[in-house]
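See below for the structure under consideration.
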Amino acid sequence: MSPTLDPSNSDPWRAARDAAIVTRLDALALVDVDGADAATFLNGQLSSDVLALERGRGHWTSYNSPKGRMLANPFLYRPLGGPAFRLVVPVDIAEPVRKRLTMFVLRSKVALAENRAVAAIGVGGPGGGDAVRSAL
């Protein structure tokens, strides 16, 4: 079976079950965190062990207020190339999260920017892995 979505199939649930689907994730935004102190800075701001995160890997974390209230639940990853780290957050809170993190940069060598140049896509279904491998 081909790992691509059959355009003649009008049932997207069947396509997700039997093949591969690809969709834009327009509800998500990327916040790039770069600079010499990016790892140390994020390690002090997020709930996870950022220093142990290897390039090409990612994990869920939380960004909390000083009182412990969760402000965001981003997916943090270290791209193989590009910025030191990327936070994946809902598009409606990307700018507030970036702005709040920027308040705590102080003298650290860290730059935060919302990344609008990279589109987030989702790949799923049993043929999803094959579809990604063939595309790359």
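Ordering of the structure tokens sets the chain letters (A, B, ...), residue numbers begin anew at 1 in every chain, and ligands are numbered from 1 in the order given.
Neighbours of Tyr77 of chain A closer than or equal to 7 Å, with only C-alpha atoms counted and sequence neighbours fewer than 4 positions away skipped, come out as Arg57, Gly58, His59, Phe85, Arg86 and Leu87 of chain A.
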Exercise. Leaving out Ala119 of chain A and any residue of its chain fewer than 5 positions from it, which residues lie within 9 Å of it when counting only C-alpha atoms, given as a count of residues only?
Worked result: 6
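Using only C-alpha atoms, the contacts of Val132 of chain A at a cut-off of 12 Å, with sequence neighbours closer than 6 positions omitted, comprise Pro3, Thr4, Ala20, Ile21, Val22, Ile121, Gly122, Val123, Gly124, Gly125 and Pro126 of chain A.
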Exercise: Ala111 of chain A partners within 8 Å, only C-alpha atoms, chain neighbours under 2 positions left out, as a compact mmCIF listing (two decimals) with N, CA and C atoms, in the first residue's frame:
```
# COMPACT_ATOMS: atom_id res chain seq x y z
N ASP A 32 11.97 30.57 18.49
CA ASP A 32 13.38 30.19 18.47
C ASP A 32 14.11 30.84 19.64
N VAL A 33 14.94 30.05 20.29
CA VAL A 33 15.77 30.53 21.39
C VAL A 33 17.21 30.20 21.02
N ASP A 34 18.02 31.24 20.85
CA ASP A 34 19.38 31.03 20.38
C ASP A 34 20.36 31.86 21.19
N GLY A 35 21.62 31.55 21.07
CA GLY A 35 22.66 32.30 21.78
C GLY A 35 23.51 31.39 22.64
N ALA A 38 21.73 30.04 25.79
CA ALA A 38 20.36 29.57 25.61
C ALA A 38 20.01 28.37 26.50
N LYS A 109 23.38 35.91 27.09
CA LYS A 109 23.51 36.00 25.64
C LYS A 109 22.48 35.08 25.01
N ALA A 113 12.89 34.80 19.29
CA ALA A 113 12.16 35.33 18.15
C ALA A 113 11.08 34.35 17.74
```
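Considering only C-alpha atoms, the residue among A:Met103, A:Leu53, A:Val88, A:Ala15 positioned nearest to Thr40 of chain A is A:Leu53.
Atom CA of Arg100 of chain A sits 15.4 Å away from atom CA of Asn43 of chain A.
Closest approach to Pro90 of chain A among A:Phe75, A:Phe104, A:Trp13, A:Tyr63 is made by A:Phe75 (distances from only C-alpha atoms).
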Problem set entry | Test item, strand (DSSP E or B) assignment across chain A, answer as a VMD selection string | chain A and resid 21 to 24 28 to 34 46 58 to 60 63 to 64 70 to 72 75 to 77 85 to 90 111 to 115 121 to 124
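When only C-alpha atoms are used to compute distances to Ser48 of chain A, the closest of the residues A:Thr102, A:Asn73, A:Ser134, A:Thr61 turns out to be A:Thr61.
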Problem set entry | DSSP-assigned alpha helix (DSSP H) among chain A, expressed as a PyMOL selection string | chain A and resi 12-18+38-45+91-103+128-135
For the selection just defined, write its residues with N, CA, C and O atoms to a file, as a compact mmCIF listing (two decimals), in the first residue's frame.
```txt
# COMPACT_ATOMS: atom_id res chain seq x y z
N PRO A 12 -11.60 11.09 5.48
CA PRO A 12 -10.26 11.32 6.07
C PRO A 12 -9.94 10.38 7.22
O PRO A 12 -8.78 10.07 7.47
N TRP A 13 -10.95 9.90 7.94
CA TRP A 13 -10.68 8.97 9.04
C TRP A 13 -10.17 7.64 8.50
O TRP A 13 -9.25 7.05 9.07
N ARG A 14 -10.73 7.18 7.39
CA ARG A 14 -10.26 5.94 6.78
C ARG A 14 -8.84 6.13 6.26
O ARG A 14 -8.00 5.24 6.38
N ALA A 15 -8.56 7.29 5.68
CA ALA A 15 -7.22 7.56 5.18
C ALA A 15 -6.21 7.55 6.33
O ALA A 15 -5.11 7.01 6.20
N ALA A 16 -6.57 8.14 7.46
CA ALA A 16 -5.67 8.16 8.62
C ALA A 16 -5.46 6.75 9.17
O ALA A 16 -4.39 6.44 9.69
N ARG A 17 -6.47 5.92 9.05
CA ARG A 17 -6.36 4.55 9.56
C ARG A 17 -5.55 3.66 8.64
O ARG A 17 -4.79 2.80 9.10
N ASP A 18 -5.68 3.86 7.31
CA ASP A 18 -5.12 2.91 6.36
C ASP A 18 -3.85 3.38 5.64
O ASP A 18 -3.15 2.57 5.07
N ALA A 38 21.73 30.04 25.79
CA ALA A 38 20.36 29.57 25.61
C ALA A 38 20.01 28.37 26.50
O ALA A 38 18.96 28.35 27.14
N ALA A 39 20.89 27.38 26.57
CA ALA A 39 20.60 26.18 27.37
C ALA A 39 20.49 26.51 28.85
O ALA A 39 19.54 26.08 29.52
N THR A 40 21.43 27.28 29.37
CA THR A 40 21.41 27.64 30.79
C THR A 40 20.20 28.51 31.10
O THR A 40 19.54 28.32 32.12
N PHE A 41 19.89 29.45 30.21
CA PHE A 41 18.74 30.32 30.40
C PHE A 41 17.44 29.51 30.46
O PHE A 41 16.66 29.65 31.40
N LEU A 42 17.22 28.65 29.47
CA LEU A 42 15.99 27.86 29.46
C LEU A 42 15.93 26.88 30.62
O LEU A 42 14.85 26.60 31.14
N ASN A 43 17.08 26.36 31.03
CA ASN A 43 17.10 25.43 32.17
C ASN A 43 16.58 26.11 33.44
O ASN A 43 15.97 25.47 34.28
N GLY A 44 16.80 27.41 33.56
CA GLY A 44 16.31 28.15 34.71
C GLY A 44 14.87 28.62 34.57
O GLY A 44 14.25 29.01 35.56
N GLN A 45 14.33 28.59 33.36
CA GLN A 45 12.98 29.09 33.12
C GLN A 45 11.94 27.98 32.97
O GLN A 45 10.76 28.20 33.24
N VAL A 91 -0.46 29.15 18.72
CA VAL A 91 -0.17 30.42 18.05
C VAL A 91 -0.66 31.63 18.85
O VAL A 91 -0.01 32.67 18.84
N ASP A 92 -1.75 31.48 19.59
CA ASP A 92 -2.30 32.63 20.32
C ASP A 92 -1.48 33.01 21.56
O ASP A 92 -1.66 34.11 22.09
N ILE A 93 -0.58 32.15 22.02
CA ILE A 93 0.25 32.51 23.18
C ILE A 93 1.73 32.63 22.83
O ILE A 93 2.55 32.90 23.71
N ALA A 94 2.09 32.45 21.57
CA ALA A 94 3.51 32.50 21.18
C ALA A 94 4.14 33.85 21.52
O ALA A 94 5.21 33.89 22.13
N GLU A 95 3.51 34.93 21.14
CA GLU A 95 4.09 36.25 21.40
C GLU A 95 4.11 36.57 22.90
O GLU A 95 5.13 37.05 23.40
N PRO A 96 3.04 36.31 23.67
CA PRO A 96 3.14 36.56 25.12
C PRO A 96 4.22 35.72 25.81
O PRO A 96 4.91 36.21 26.70
N VAL A 97 4.39 34.47 25.40
CA VAL A 97 5.44 33.63 25.99
C VAL A 97 6.82 34.19 25.63
O VAL A 97 7.69 34.31 26.48
N ARG A 98 7.02 34.54 24.35
CA ARG A 98 8.30 35.12 23.93
C ARG A 98 8.59 36.41 24.69
O ARG A 98 9.69 36.61 25.21
N LYS A 99 7.59 37.26 24.82
CA LYS A 99 7.76 38.53 25.51
C LYS A 99 8.10 38.33 26.99
O LYS A 99 9.00 38.98 27.53
N ARG A 100 7.41 37.40 27.64
CA ARG A 100 7.66 37.15 29.06
C ARG A 100 9.05 36.55 29.28
O ARG A 100 9.76 36.93 30.21
N LEU A 101 9.44 35.61 28.43
CA LEU A 101 10.78 35.05 28.55
C LEU A 101 11.84 36.13 28.35
O LEU A 101 12.86 36.15 29.04
N THR A 102 11.61 37.04 27.41
CA THR A 102 12.55 38.12 27.13
C THR A 102 12.77 39.00 28.36
O THR A 102 13.87 39.52 28.57
N MET A 103 11.76 39.14 29.21
CA MET A 103 11.89 39.96 30.42
C MET A 103 12.97 39.42 31.35
O MET A 103 13.52 40.16 32.16
N GLY A 128 2.77 6.87 7.85
CA GLY A 128 3.38 8.17 8.07
C GLY A 128 4.90 8.14 8.05
O GLY A 128 5.54 9.00 7.44
N GLY A 129 5.49 7.16 8.71
CA GLY A 129 6.95 7.06 8.75
C GLY A 129 7.53 6.84 7.36
O GLY A 129 8.53 7.45 6.99
N ASP A 130 6.88 5.99 6.57
CA ASP A 130 7.35 5.74 5.20
C ASP A 130 7.21 6.98 4.34
O ASP A 130 8.07 7.28 3.50
N ALA A 131 6.13 7.74 4.53
CA ALA A 131 5.91 8.96 3.75
C ALA A 131 7.01 9.99 4.06
O ALA A 131 7.54 10.62 3.15
N VAL A 132 7.38 10.12 5.33
CA VAL A 132 8.44 11.07 5.70
C VAL A 132 9.77 10.61 5.13
O VAL A 132 10.53 11.40 4.56
N ARG A 133 10.08 9.31 5.26
CA ARG A 133 11.34 8.79 4.73
C ARG A 133 11.44 9.00 3.22
O ARG A 133 12.49 9.39 2.71
N SER A 134 10.36 8.75 2.48
CA SER A 134 10.42 8.92 1.04
C SER A 134 10.52 10.38 0.64
O SER A 134 11.14 10.72 -0.36
N ALA A 135 9.93 11.29 1.45
CA ALA A 135 9.99 12.71 1.13
C ALA A 135 11.37 13.29 1.43
O ALA A 135 11.81 14.21 0.76
```
Problem set entry | Counting only C-alpha atoms, the option among A:Ser65, A:Asn115, A:Ala52, A:Trp60 closest to Pro83 of chain A | A:Asn115
